[in-house]
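Q: Okay, so here is coords.cif, and as you'll see once you scroll down, it has mmCIF, C-alpha atoms and all ligand atoms.
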```cif
data_entry
#
loop_
_atom_site.label_atom_id
_atom_site.label_comp_id
_atom_site.auth_asym_id
_atom_site.auth_seq_id
_atom_site.Cartn_x
_atom_site.Cartn_y
_atom_site.Cartn_z
CA MET A 247 19.06 28.93 -56.99
CA THR A 248 17.40 25.93 -55.31
CA GLN A 249 18.34 22.56 -56.75
CA GLN A 250 15.53 20.18 -57.68
CA VAL A 251 16.05 16.86 -55.84
CA GLN A 252 15.38 13.84 -58.04
CA LYS A 253 12.66 11.79 -56.35
CA THR A 254 12.83 8.01 -56.24
CA ARG A 255 9.51 6.52 -57.32
CA GLY A 256 8.37 3.12 -56.13
CA ILE A 257 5.31 1.06 -56.96
CA ILE A 258 3.92 -1.10 -54.16
CA VAL A 259 1.39 -3.63 -55.42
CA GLY A 260 -0.93 -4.91 -52.69
CA GLY A 261 -0.77 -1.66 -50.68
CA SER A 262 -4.21 -2.11 -49.16
CA GLY A 263 -3.20 -5.41 -47.56
CA LEU A 264 -1.60 -6.22 -44.21
CA ILE A 265 2.00 -6.20 -45.45
CA GLY A 266 1.55 -3.79 -48.35
CA GLY A 267 -0.18 -1.30 -46.04
CA ALA A 268 2.78 -1.37 -43.65
CA LEU A 269 5.15 -0.84 -46.59
CA VAL A 270 3.19 2.12 -47.97
CA HIS A 271 2.98 3.67 -44.49
CA HIS A 272 6.71 3.27 -43.95
CA PHE A 273 7.82 4.76 -47.25
CA ASN A 274 5.37 7.64 -46.97
CA LYS A 275 6.68 8.50 -43.51
CA CYS A 276 10.37 7.75 -43.76
CA CYS A 277 11.88 9.94 -46.34
CA GLY A 278 10.23 13.31 -46.72
CA ASP A 279 9.97 14.26 -50.36
CA ASN A 280 12.75 11.94 -51.50
CA ILE A 281 10.53 8.97 -52.22
CA GLU A 282 7.22 8.97 -54.03
CA ILE A 283 5.11 5.86 -53.52
CA LEU A 284 2.41 4.75 -55.89
CA SER A 285 0.11 2.02 -54.72
CA PRO A 286 -2.57 1.23 -57.27
CA ASN A 287 -5.44 -0.90 -56.05
CA SER A 288 -6.49 -3.95 -58.03
CA LYS A 289 -9.17 -1.99 -59.85
CA LYS A 290 -6.66 0.51 -61.14
CA MET A 291 -3.97 -2.03 -61.98
CA SER A 292 -4.90 -5.67 -61.77
CA LEU A 293 -2.16 -8.24 -61.77
CA ALA A 294 -4.57 -10.36 -63.78
CA SER A 295 -3.99 -8.03 -66.73
CA ALA A 296 -0.58 -7.70 -68.40
CA GLU A 297 -1.98 -4.71 -70.27
CA ASP A 298 -2.84 -2.91 -66.98
CA VAL A 299 0.65 -3.58 -65.67
CA GLU A 300 2.34 -2.36 -68.84
CA LYS A 301 0.23 0.80 -69.06
CA TYR A 302 0.80 1.71 -65.44
CA ALA A 303 4.53 1.02 -65.48
CA SER A 304 5.21 2.76 -68.77
CA TYR A 305 3.34 5.84 -67.58
CA TRP A 306 4.97 6.07 -64.17
CA LYS A 307 8.41 4.57 -64.91
CA PRO A 308 9.20 3.47 -61.34
CA ASP A 309 12.66 3.12 -59.81
CA PHE A 310 11.65 0.00 -57.89
CA ILE A 311 8.71 -2.38 -57.56
CA ILE A 312 7.52 -4.23 -54.47
CA ASN A 313 4.94 -6.98 -54.87
CA SER A 314 2.95 -7.85 -51.75
CA ALA A 315 -0.27 -8.66 -53.60
CA ILE A 316 -1.99 -11.98 -53.27
CA ALA A 317 -5.25 -13.48 -54.45
CA ALA A 318 -7.54 -14.66 -51.62
CA ILE A 319 -5.91 -17.64 -49.93
CA ASP A 320 -8.73 -20.00 -50.91
CA SER A 321 -8.92 -18.82 -54.54
CA ASP A 322 -9.41 -21.39 -57.23
CA PRO A 323 -6.35 -22.56 -59.22
CA GLN A 324 -7.05 -20.17 -62.09
CA LEU A 325 -7.02 -17.08 -59.89
CA ALA A 326 -4.00 -18.23 -57.86
CA TYR A 327 -2.07 -18.99 -61.03
CA THR A 328 -3.07 -15.77 -62.81
CA ILE A 329 -2.55 -13.29 -59.98
CA ASN A 330 0.06 -14.90 -57.80
CA TYR A 331 2.24 -16.39 -60.51
CA ILE A 332 1.67 -14.69 -63.88
CA GLY A 333 1.10 -11.32 -62.18
CA CYS A 334 4.30 -11.72 -60.17
CA ILE A 335 6.34 -12.58 -63.25
CA ASN A 336 4.82 -9.81 -65.34
CA LEU A 337 6.03 -7.35 -62.71
CA ALA A 338 9.47 -9.00 -62.84
CA LYS A 339 9.50 -8.55 -66.62
CA VAL A 340 8.74 -4.87 -66.17
CA ALA A 341 11.56 -4.61 -63.61
CA LEU A 342 13.92 -6.31 -66.04
CA LYS A 343 12.96 -3.98 -68.91
CA LEU A 344 13.37 -0.89 -66.74
CA ASN A 345 16.50 -2.34 -65.11
CA ILE A 346 15.17 -1.70 -61.60
CA PRO A 347 15.03 -3.80 -58.39
CA TYR A 348 12.04 -6.04 -57.72
CA ILE A 349 11.13 -7.14 -54.19
CA PHE A 350 8.80 -10.11 -53.93
CA VAL A 351 7.04 -10.97 -50.68
CA SER A 352 6.79 -14.74 -50.45
CA SER A 353 5.70 -17.26 -47.89
CA ALA A 354 6.72 -20.19 -45.70
CA ALA A 355 4.09 -22.10 -47.71
CA VAL A 356 6.97 -23.02 -50.05
CA PHE A 357 8.62 -25.00 -47.22
CA PRO A 358 7.89 -28.50 -45.99
CA PRO A 359 7.34 -29.04 -42.26
CA GLY A 360 10.56 -29.21 -40.26
CA ASN A 361 13.01 -27.36 -38.07
CA HIS A 362 15.57 -24.66 -39.00
CA LEU A 363 14.49 -24.56 -42.65
CA LEU A 364 17.10 -22.79 -44.74
CA GLU A 365 16.60 -20.33 -47.60
CA GLU A 366 17.77 -22.82 -50.24
CA GLN A 367 15.21 -25.43 -49.16
CA HIS A 368 11.71 -25.66 -50.59
CA LEU A 369 9.00 -28.19 -51.38
CA SER A 370 9.28 -30.03 -54.64
CA LEU A 371 6.86 -28.70 -57.21
CA GLU A 372 4.03 -31.24 -57.36
CA ALA A 373 0.46 -31.16 -58.62
CA GLY A 374 -0.79 -31.99 -55.12
CA LEU A 375 0.42 -28.73 -53.52
CA SER A 376 -2.20 -26.15 -52.62
CA SER A 377 -2.71 -23.54 -55.36
CA TYR A 378 -1.29 -20.91 -52.99
CA ALA A 379 1.92 -22.85 -52.28
CA LYS A 380 2.29 -23.87 -55.92
CA SER A 381 1.93 -20.29 -57.18
CA LYS A 382 4.40 -18.95 -54.60
CA LEU A 383 6.95 -21.66 -55.30
CA MET A 384 6.67 -21.26 -59.09
CA SER A 385 7.12 -17.50 -58.70
CA GLU A 386 10.28 -17.99 -56.66
CA LEU A 387 11.70 -20.50 -59.12
CA THR A 388 11.01 -18.29 -62.15
CA LEU A 389 12.50 -15.24 -60.42
CA ARG A 390 15.67 -17.21 -59.72
CA HIS A 391 15.69 -18.41 -63.35
CA MET A 392 15.30 -14.83 -64.62
CA HIS A 393 18.13 -13.71 -62.34
CA GLU A 394 20.48 -16.41 -63.55
CA HIS A 395 19.63 -16.16 -67.24
CA GLN A 396 18.59 -12.55 -67.78
CA GLY A 397 20.13 -10.67 -64.87
CA LEU A 398 16.89 -9.77 -63.01
CA ASP A 399 17.64 -7.77 -59.86
CA PHE A 400 15.26 -9.30 -57.30
CA THR A 401 15.03 -10.11 -53.60
CA VAL A 402 12.58 -12.62 -52.11
CA VAL A 403 11.39 -11.92 -48.56
CA ARG A 404 9.82 -15.07 -47.15
CA LEU A 405 7.39 -14.51 -44.31
CA ALA A 406 6.12 -17.08 -41.82
CA ILE A 407 3.02 -16.46 -39.67
CA VAL A 408 2.58 -12.69 -39.71
CA TYR A 409 1.44 -10.66 -36.69
CA GLY A 410 0.60 -6.97 -36.69
CA LYS A 411 -2.15 -4.41 -36.79
CA HIS A 412 -4.44 -3.61 -39.75
CA ASP A 413 -5.23 -7.12 -40.96
CA HIS A 414 -8.68 -6.14 -42.08
CA LYS A 415 -9.38 -9.51 -43.66
CA ILE A 416 -8.68 -11.31 -40.35
CA GLN A 417 -6.41 -14.03 -41.71
CA GLY A 418 -3.72 -16.32 -40.34
CA PHE A 419 -2.69 -15.49 -36.77
CA HIS A 420 -5.40 -12.85 -36.45
CA ARG A 421 -8.04 -15.42 -37.39
CA LEU A 422 -6.76 -17.61 -34.56
CA LEU A 423 -7.00 -14.64 -32.20
CA PHE A 424 -10.51 -13.96 -33.42
CA SER A 425 -11.58 -17.59 -32.92
CA ILE A 426 -10.39 -17.47 -29.31
CA ALA A 427 -12.01 -14.09 -28.60
CA ASP A 428 -15.20 -15.26 -30.27
CA GLN A 429 -15.10 -18.49 -28.24
CA ALA A 430 -15.30 -20.43 -31.51
CA MET A 431 -12.47 -22.80 -30.57
CA PRO A 432 -13.88 -25.10 -27.86
CA ILE A 433 -10.81 -27.37 -27.71
CA PHE A 434 -7.20 -27.23 -28.92
CA LEU A 435 -6.82 -27.86 -32.67
CA THR A 436 -3.13 -28.57 -32.30
CA ALA A 437 -0.77 -30.82 -30.39
CA LYS A 438 1.65 -30.12 -27.54
CA GLY A 439 5.15 -29.22 -28.71
CA VAL A 440 4.16 -27.97 -32.19
CA ARG A 441 6.17 -24.81 -32.96
CA HIS A 442 6.18 -22.22 -35.72
CA SER A 443 8.13 -19.17 -36.82
CA TYR A 444 6.52 -15.74 -36.73
CA SER A 445 7.13 -12.56 -38.76
CA ASN A 446 6.62 -9.09 -37.35
CA ALA A 447 4.73 -6.92 -39.87
CA ARG A 448 6.22 -3.76 -38.33
CA LYS A 449 9.75 -4.80 -39.24
CA VAL A 450 9.17 -5.96 -42.83
CA PRO A 451 9.25 -2.44 -44.39
CA LEU A 452 12.54 -1.60 -42.65
CA PHE A 453 14.13 -4.70 -44.10
CA VAL A 454 12.71 -4.09 -47.57
CA HIS A 455 13.94 -0.49 -47.47
CA HIS A 456 17.40 -1.64 -46.38
CA ALA A 457 17.48 -4.28 -49.12
CA LEU A 458 16.61 -1.63 -51.72
CA GLN A 459 19.47 0.56 -50.51
CA ASN A 460 22.00 -2.28 -50.63
CA ARG A 461 21.42 -4.06 -53.90
CA ALA A 462 24.94 -5.50 -54.19
CA GLU A 463 24.32 -7.54 -51.05
CA TYR A 464 20.63 -8.42 -51.46
CA SER A 465 20.20 -8.86 -55.21
CA GLY A 466 19.34 -12.40 -56.30
CA GLN A 467 18.88 -13.47 -52.65
CA PHE A 468 16.16 -15.15 -50.59
CA TYR A 469 15.65 -14.28 -46.91
CA ASN A 470 13.59 -15.94 -44.21
CA PHE A 471 12.23 -12.86 -42.47
CA VAL A 472 11.30 -14.30 -39.08
CA ASP A 473 11.72 -13.59 -35.38
CA PRO A 474 14.77 -15.49 -34.08
CA GLU A 475 12.82 -17.72 -31.68
CA PRO A 476 9.99 -20.02 -32.79
CA VAL A 477 6.88 -20.19 -30.62
CA GLU A 478 4.89 -23.15 -29.35
CA LEU A 479 1.28 -22.85 -30.52
CA VAL A 480 -0.23 -24.33 -27.34
CA ALA A 481 1.70 -21.86 -25.16
CA LEU A 482 0.66 -18.96 -27.38
CA ILE A 483 -3.02 -19.94 -27.29
CA LYS A 484 -2.87 -20.26 -23.48
CA THR A 485 -1.32 -16.78 -23.21
CA ILE A 486 -4.04 -15.31 -25.44
CA LYS A 487 -6.69 -17.08 -23.34
CA ASN A 488 -5.24 -15.53 -20.20
CA PHE A 489 -5.13 -12.07 -21.73
CA LEU A 490 -8.75 -12.34 -22.81
CA GLY A 491 -9.90 -14.02 -19.60
CA VAL A 492 -11.88 -16.64 -21.51
CA ASN A 493 -12.38 -20.34 -20.68
CA ARG A 494 -12.01 -21.81 -24.12
CA PRO A 495 -10.32 -23.70 -25.61
CA LYS A 496 -10.60 -26.31 -22.86
CA LYS A 497 -7.55 -28.42 -22.12
CA ILE A 498 -8.57 -31.11 -24.60
CA PHE A 499 -6.45 -31.80 -27.67
CA LEU A 500 -8.27 -32.94 -30.79
CA PRO A 501 -6.11 -35.44 -32.71
CA LEU A 502 -5.37 -34.49 -36.32
CA ARG A 503 -7.17 -37.50 -37.80
CA VAL A 504 -10.37 -36.57 -35.94
CA ALA A 505 -9.97 -32.93 -37.01
CA ASN A 506 -9.49 -34.06 -40.62
CA PHE A 507 -12.53 -36.31 -40.34
CA GLY A 508 -14.58 -33.31 -39.16
CA ALA A 509 -13.24 -31.11 -41.98
CA ASN A 510 -14.09 -33.78 -44.58
CA ALA A 511 -17.58 -34.22 -43.13
CA LEU A 512 -18.06 -30.44 -43.40
CA LYS A 513 -16.89 -30.51 -47.04
CA LEU A 514 -19.46 -33.23 -47.78
CA LEU A 515 -22.21 -31.30 -46.02
CA LEU A 516 -21.41 -28.17 -48.04
CA LYS A 517 -21.62 -30.22 -51.27
CA ILE A 518 -25.03 -31.57 -50.24
CA LEU A 519 -26.25 -28.07 -49.37
CA LEU A 520 -25.15 -26.89 -52.80
CA GLN A 521 -27.43 -29.52 -54.39
CA ILE A 522 -30.42 -27.86 -52.74
CA GLY A 523 -29.32 -24.37 -53.72
CA ILE A 524 -27.59 -23.28 -50.52
CA LYS A 525 -24.09 -21.99 -51.19
CA ALA A 526 -21.76 -21.89 -48.22
CA LYS A 527 -17.98 -21.73 -48.10
CA MET A 528 -15.50 -23.87 -46.19
CA PRO A 529 -13.56 -21.66 -43.71
CA ALA A 530 -10.23 -20.89 -45.47
CA GLU A 531 -8.28 -21.85 -42.32
CA LEU A 532 -9.36 -25.48 -42.66
CA MET A 533 -7.14 -25.66 -45.75
CA PHE A 534 -4.22 -25.28 -43.37
CA LEU A 535 -5.41 -27.66 -40.67
CA ASP A 536 -2.32 -29.85 -41.03
CA LYS A 537 -0.11 -26.83 -40.28
CA PHE A 538 -1.60 -26.55 -36.78
CA TYR A 539 -0.25 -30.03 -36.09
CA GLU A 540 3.18 -29.74 -37.77
CA THR A 541 6.22 -27.89 -36.58
CA GLN A 542 7.62 -25.50 -39.15
CA THR A 543 10.46 -23.24 -38.08
CA LEU A 544 12.51 -21.13 -40.46
CA ASP A 545 16.20 -20.52 -39.91
CA GLY A 546 16.93 -16.80 -39.51
CA THR A 547 20.72 -17.02 -39.53
CA LYS A 548 21.15 -15.54 -43.02
CA LEU A 549 19.02 -12.54 -42.04
CA LYS A 550 20.95 -12.10 -38.81
CA GLN A 551 24.29 -12.27 -40.62
CA SER A 552 23.23 -9.75 -43.25
CA SER A 553 23.93 -6.02 -42.84
CA PHE A 554 20.31 -5.41 -41.72
CA THR A 555 20.07 -4.36 -38.07
CA ASP A 556 16.89 -5.34 -36.30
CA PRO A 557 15.62 -2.04 -34.82
CA TRP A 558 13.67 -3.77 -32.04
CA PRO A 559 15.47 -7.07 -31.30
CA GLU A 560 13.53 -7.53 -28.06
CA GLU A 561 10.19 -7.40 -29.84
CA THR A 562 8.34 -10.74 -30.28
CA ILE A 563 4.79 -11.89 -30.71
CA TYR A 564 4.57 -12.15 -26.89
CA SER A 565 5.81 -8.60 -26.30
CA ARG A 566 3.38 -7.24 -28.93
CA LEU A 567 0.44 -9.38 -27.84
CA SER A 568 -1.29 -6.96 -25.47
CA LYS A 569 -1.18 -4.11 -28.03
CA ILE A 570 -2.38 -6.35 -30.84
CA ILE A 571 -5.21 -7.81 -28.76
CA LYS A 572 -6.34 -4.36 -27.66
CA TYR A 573 -6.29 -3.08 -31.23
CA TYR A 574 -8.24 -6.00 -32.71
CA LEU A 575 -10.78 -6.31 -29.89
CA ALA A 576 -11.65 -2.64 -30.25
CA ARG A 577 -11.86 -3.00 -34.04
CA TRP A 578 -13.94 -6.17 -34.00
CA LYS A 579 -16.27 -4.72 -31.40
CA HIS A 580 -16.74 -1.55 -33.48
CA HIS A 581 -17.64 -3.72 -36.44
CA ASN A 582 -20.05 -5.76 -34.32
CA LEU A 583 -18.07 -8.92 -34.93
CA LEU A 584 -17.65 -9.64 -31.22
CA ALA A 585 -21.00 -8.64 -29.85
CA ASP A 586 -20.89 -10.99 -26.85
CA PHE A 587 -17.39 -10.27 -25.67
CA ASN A 588 -17.32 -8.50 -22.30
CA ASP A 589 -14.26 -6.51 -21.47
CA ASP A 590 -14.27 -3.73 -18.92
CA SER A 591 -11.04 -2.25 -20.24
CA PHE A 592 -12.95 -1.18 -23.34
CA GLU A 593 -14.91 1.67 -21.80
CA HIS A 594 -15.89 4.30 -24.30
CA ARG A 595 -14.39 7.77 -24.33
CA GLU A 596 -16.72 10.23 -22.58
CA ASP A 597 -17.99 11.89 -25.77
CA ILE A 598 -18.61 8.52 -27.45
CA GLN A 599 -20.62 7.41 -24.43
CA GLN A 600 -22.56 10.69 -24.67
CA PHE A 601 -23.13 10.03 -28.38
CA ILE A 602 -24.69 6.71 -27.36
CA ASP A 603 -26.72 7.87 -24.33
CA LYS A 604 -27.11 11.66 -24.44
CA PRO A 605 -26.71 13.02 -27.99
CA GLN A 606 -28.67 16.23 -27.24
CA GLN A 607 -26.32 17.06 -24.38
CA LEU A 608 -23.28 16.36 -26.56
CA LEU A 609 -24.57 18.55 -29.39
CA LYS A 610 -25.34 21.40 -26.98
CA GLN A 611 -21.81 21.26 -25.53
CA ILE A 612 -20.37 21.39 -29.03
CA HIS A 613 -22.60 24.25 -30.17
CA ASP A 614 -21.95 26.21 -26.97
CA GLY A 615 -18.23 25.85 -27.63
CA ASP A 616 -17.66 23.88 -24.41
CA PHE A 617 -16.34 20.85 -26.24
CA THR A 618 -14.46 20.56 -29.56
CA PRO A 619 -13.89 17.06 -30.84
CA PHE A 620 -12.78 18.35 -34.27
CA GLY A 621 -9.35 18.97 -35.82
CA LYS A 622 -7.75 22.48 -35.77
CA PHE A 623 -6.49 22.44 -39.39
CA SER A 624 -4.14 25.29 -38.50
CA THR A 625 -1.73 24.54 -41.34
CA LEU A 626 -4.39 25.24 -43.97
CA SER A 627 -4.98 28.70 -45.40
CA LYS A 628 -7.56 30.04 -47.81
CA LYS A 629 -6.85 29.09 -51.41
CA SER A 630 -8.42 32.17 -52.94
CA SER A 631 -10.88 34.83 -51.96
CA LYS A 632 -12.86 34.38 -55.16
CA THR A 633 -16.52 33.62 -54.68
CA PRO A 634 -17.43 30.31 -56.21
CA PRO A 635 -19.28 30.50 -59.56
CA LYS A 636 -23.04 30.44 -59.31
N1 LIG B 701 -0.57 -12.46 -43.81
C1 LIG B 701 0.19 -13.51 -43.54
O1 LIG B 701 0.06 -14.18 -42.50
C2 LIG B 701 1.27 -13.92 -44.52
C3 LIG B 701 2.10 -15.01 -44.18
C4 LIG B 701 3.11 -15.37 -45.06
C5 LIG B 701 3.29 -14.69 -46.24
N2 LIG B 701 2.47 -13.66 -46.56
C6 LIG B 701 2.67 -12.98 -47.86
O2 LIG B 701 2.65 -11.60 -47.68
C7 LIG B 701 2.14 -10.97 -48.87
C8 LIG B 701 1.06 -10.02 -48.47
O3 LIG B 701 0.02 -10.72 -47.80
P1 LIG B 701 -1.10 -9.93 -46.98
O4 LIG B 701 -1.48 -10.82 -45.84
O5 LIG B 701 -0.63 -8.53 -46.74
O6 LIG B 701 -2.28 -9.93 -48.06
P2 LIG B 701 -3.72 -9.26 -47.94
O7 LIG B 701 -3.86 -8.49 -46.70
O8 LIG B 701 -4.69 -10.34 -48.26
O9 LIG B 701 -3.71 -8.22 -49.17
C9 LIG B 701 -3.71 -8.66 -50.48
C10 LIG B 701 -3.41 -7.50 -51.40
O10 LIG B 701 -3.33 -8.00 -52.73
C11 LIG B 701 -4.02 -7.13 -53.59
N3 LIG B 701 -4.54 -7.84 -54.75
C12 LIG B 701 -5.40 -8.90 -54.75
N4 LIG B 701 -5.68 -9.22 -56.01
C13 LIG B 701 -5.00 -8.35 -56.83
C14 LIG B 701 -4.92 -8.16 -58.22
N5 LIG B 701 -5.60 -8.93 -59.07
N6 LIG B 701 -4.12 -7.17 -58.70
C15 LIG B 701 -3.45 -6.36 -57.85
N7 LIG B 701 -3.50 -6.50 -56.51
C16 LIG B 701 -4.27 -7.47 -56.01
C17 LIG B 701 -5.16 -6.57 -52.75
O11 LIG B 701 -5.51 -5.34 -53.32
P3 LIG B 701 -7.04 -4.84 -53.45
O12 LIG B 701 -7.54 -4.70 -52.05
O13 LIG B 701 -6.94 -3.55 -54.18
O14 LIG B 701 -7.76 -5.92 -54.22
C18 LIG B 701 -4.48 -6.42 -51.39
O15 LIG B 701 -3.87 -5.16 -51.32
C19 LIG B 701 1.65 -12.11 -49.77
O16 LIG B 701 2.63 -12.33 -50.74
C20 LIG B 701 1.56 -13.31 -48.84
O17 LIG B 701 1.85 -14.49 -49.55
C21 LIG B 701 1.47 -13.25 -45.73
#
```
Show how you would write the structure in this file as structure tokens.
Ligand SMILES: NC(=O)c1ccc[n+]([C@@H]2O[C@H](COP(=O)([O-])OP(=O)(O)OC[C@H]3O[C@@H](n4cnc5c(N)ncnc54)[C@H](OP(=O)(O)O)[C@@H]3O)[C@@H](O)[C@H]2O)c1

A:
Amino acid sequence: MTQQVQKTRGIIVGGSGLIGGALVHHFNKCCGDNIEILSPNSKKMSLASAEDVEKYASYWKPDFIINSAIAAIDSDPQLAYTINYIGCINLAKVALKLNIPYIFVSSAAVFPPGNHLLEEQHLSLEAGLSSYAKSKLMSELTLRHMHEHQGLDFTVVRLAIVYGKHDHKIQGFHRLLFSIADQAMPIFLTAKGVRHSYSNARKVPLFVHHALQNRAEYSGQFYNFVDPEPVELVALIKTIKNFLGVNRPKKIFLPLRVANFGANALKLLLKILLQIGIKAKMPAELMFLDKFYETQTLDGTKLKQSSFTDPWPEETIYSRLSKIIKYYLARWKHHNLLADFNDDSFEHREDIQQFIDKPQQLLKQIHDGDFTPFGKFSTLSKKSSKTPPK
């Protein structure tokens, strides 16, 4: 008699995003039939609705929950508060009720500028923080409170600047890459010597998985999940420039006060345009202008001393750069976002070139059986020989 293996069921919220997508991919690939992953999109289960969360969780009764969802970075305070904070804590309440682990993906936005920032450090909670930072910090503080007072089993994974493939919204580091490729950064919007920590999106799922398997060690803990060595922004931009073979940004460094003046002037202009019925948005990155001019490095000692083994210790943003650039250039070109960018290494595959120039020839080759660009589907067999109803 074959024994039925009990599946572990996890819910990943934010599975269509950069980090959530990597998590879903990992868990779907790693463990055969042992883990079942559910990843509802925000239409199916919105963190803005406690009712949605309750319905979904009570139906599926998960064994763990991972929250990598986030409202758009430039959301208004109401959305940031509702989705990032209340949504996060509603999931924690579900985890508490079901007595299951809860992994929360957080951000270096909770830290002040500085070097070697430790897990126990954070900004003080003030009205003047950005809505994003405030909602992340409040989430962390409430999770800690729930752990200490109600026994919530949680782990916070704090990420710095994330690099990796599949950032379809083009945010953070990938926005910087885009600005350089698009030649939209004429001069350096940073200062020499400014350094930051980076987080490798490929490694996050392995850590989360390990933390789920070792609750005694990771429960109630915060981890800075960063590459060991921080990176100087000027050096990184120069390397990207070299890879892309572009001339900009020129070797001129715009001082922060001038950059801030420009950003404020743009804000004013947008307000004036609104008066005459033209609605335009401030680029979200300008919210973080100060960060380009401030060093912020996270201390990774706690992570290093934990039982997690980095599978690719040699991998850094520099070692991944060529792959990441290739991936995004191809993607942005396909989406016509980088129409003017010339790069000879992006020659089309022969059949794609034929599709562009000689579609009749391509179709003939396919119909004559000389060329088969399709899948084989050899693992599929007929479901039934019944003729479909008329
Ligand atoms: N990317 C970075 O550079 C970076 C840096 C530091 C920390 N982090 C942290 O990493 C986590 C993931 O960020 P990310 O960059 O992967 O985000 P992302 O790509 O912007 O994805 C956001 C995800 O949140 C979901 N979401 C938005 N509103 C929702 C709602 N009301 N209910 C349920 N889900 C909702 C979206 O789902 P739908 O598409 O279905 O709406 C999407 O899957 C966040 O906690 C962020 O703070 C990211």

Q: With distances taken over only C-alpha atoms and all ligand atoms, which of A:Pro359, A:Gly523, A:Pro347, A:Gly418 is nearest to ligand LIG 701 (chain B)?

A: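 Checking each candidate against ligand LIG 701 (chain B), we get A:Gly418 as the closest.
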
Q: Extract, using all atoms listed in the file, all DNA, RNA and protein residues at most 9 Å from stretch 543-552 of chain A, discarding same-chain residues fewer than 5 positions from it, and format them as a list in words.

A: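 Once the adjacent positions are removed, what remains is Ala354, Phe357, Pro359, Gly360, Asn361, His362, Leu363, Leu364, Glu365, Ala406, Arg441, His442, Ser443, Tyr444, Glu463, Tyr464, Tyr469, Asn470, Phe471, Val472, Asp473, Pro474, Glu475, Pro476 and Val477 of chain A.
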
Q: Could you list, as an mmCIF file with C-alpha atoms, in the frame of the given file, all residues that come within 7 Å of ligand LIG 701 (chain B)? Count only C-alpha atoms and all ligand atoms.

A:
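As written to disk, out-v6.cif reads:
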```cif
data_model
loop_
_atom_site.group_PDB
_atom_site.id
_atom_site.type_symbol
_atom_site.label_atom_id
_atom_site.label_comp_id
_atom_site.auth_asym_id
_atom_site.auth_seq_id
_atom_site.Cartn_x
_atom_site.Cartn_y
_atom_site.Cartn_z
ATOM 1 C CA VAL A 259 1.390 -3.630 -55.420
ATOM 2 C CA GLY A 260 -0.930 -4.910 -52.690
ATOM 3 C CA GLY A 261 -0.770 -1.660 -50.680
ATOM 4 C CA SER A 262 -4.210 -2.110 -49.160
ATOM 5 C CA GLY A 263 -3.200 -5.410 -47.560
ATOM 6 C CA LEU A 264 -1.600 -6.220 -44.210
ATOM 7 C CA ILE A 265 2.000 -6.200 -45.450
ATOM 8 C CA GLY A 266 1.550 -3.790 -48.350
ATOM 9 C CA ASN A 287 -5.440 -0.900 -56.050
ATOM 10 C CA SER A 288 -6.490 -3.950 -58.030
ATOM 11 C CA LYS A 289 -9.170 -1.990 -59.850
ATOM 12 C CA MET A 291 -3.970 -2.030 -61.980
ATOM 13 C CA SER A 292 -4.900 -5.670 -61.770
ATOM 14 C CA LEU A 293 -2.160 -8.240 -61.770
ATOM 15 C CA ALA A 294 -4.570 -10.360 -63.780
ATOM 16 C CA SER A 314 2.950 -7.850 -51.750
ATOM 17 C CA ALA A 315 -0.270 -8.660 -53.600
ATOM 18 C CA ILE A 316 -1.990 -11.980 -53.270
ATOM 19 C CA ALA A 317 -5.250 -13.480 -54.450
ATOM 20 C CA ALA A 318 -7.540 -14.660 -51.620
ATOM 21 C CA ILE A 329 -2.550 -13.290 -59.980
ATOM 22 C CA VAL A 351 7.040 -10.970 -50.680
ATOM 23 C CA SER A 352 6.790 -14.740 -50.450
ATOM 24 C CA SER A 353 5.700 -17.260 -47.890
ATOM 25 C CA ALA A 354 6.720 -20.190 -45.700
ATOM 26 C CA ARG A 404 9.820 -15.070 -47.150
ATOM 27 C CA LEU A 405 7.390 -14.510 -44.310
ATOM 28 C CA ALA A 406 6.120 -17.080 -41.820
ATOM 29 C CA ILE A 407 3.020 -16.460 -39.670
ATOM 30 C CA VAL A 408 2.580 -12.690 -39.710
ATOM 31 C CA TYR A 409 1.440 -10.660 -36.690
ATOM 32 C CA ASP A 413 -5.230 -7.120 -40.960
ATOM 33 C CA LYS A 415 -9.380 -9.510 -43.660
ATOM 34 C CA GLN A 417 -6.410 -14.030 -41.710
ATOM 35 C CA GLY A 418 -3.720 -16.320 -40.340
ATOM 36 C CA PHE A 419 -2.690 -15.490 -36.770
#
```

Q: Closest to A:Lys484 among A:Phe507, A:Phe434, A:Phe400, A:Phe310, using all atoms listed in the file?

A: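 Looking at the shortest contact to A:Lys484, the residue is A:Phe434.
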
Q: Please provide as a ChimeraX atom specification all residues within 9 Å of A:Asp597, with the sequence filter that same-chain residues fewer than 3 positions apart are discarded (counting all atoms listed in the file).

A: /A:594,600-602,608,619

Q: Hey, can you spit out that residue selection with C-alpha atoms as a PDB file, in the coordinates of the input?

A:
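The new file again-v1.pdb reads:
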```pdb
ATOM      1  CA  HIS A 594     -15.890   4.300 -24.300  1.00  0.00           C
ATOM      2  CA  GLN A 600     -22.560  10.690 -24.670  1.00  0.00           C
ATOM      3  CA  PHE A 601     -23.130  10.030 -28.380  1.00  0.00           C
ATOM      4  CA  ILE A 602     -24.690   6.710 -27.360  1.00  0.00           C
ATOM      5  CA  LEU A 608     -23.280  16.360 -26.560  1.00  0.00           C
ATOM      6  CA  PRO A 619     -13.890  17.060 -30.840  1.00  0.00           C
TER       7      PRO A 619
END
```

Q: Contacts of A:Asn330 at 10 Å or less, counting only C-alpha atoms, minus same-chain residues fewer than 2 places along, as a VMD selection string?

A: chain A and resid 293 to 294 313 to 318 324 to 328 332 to 335 352 377 to 385
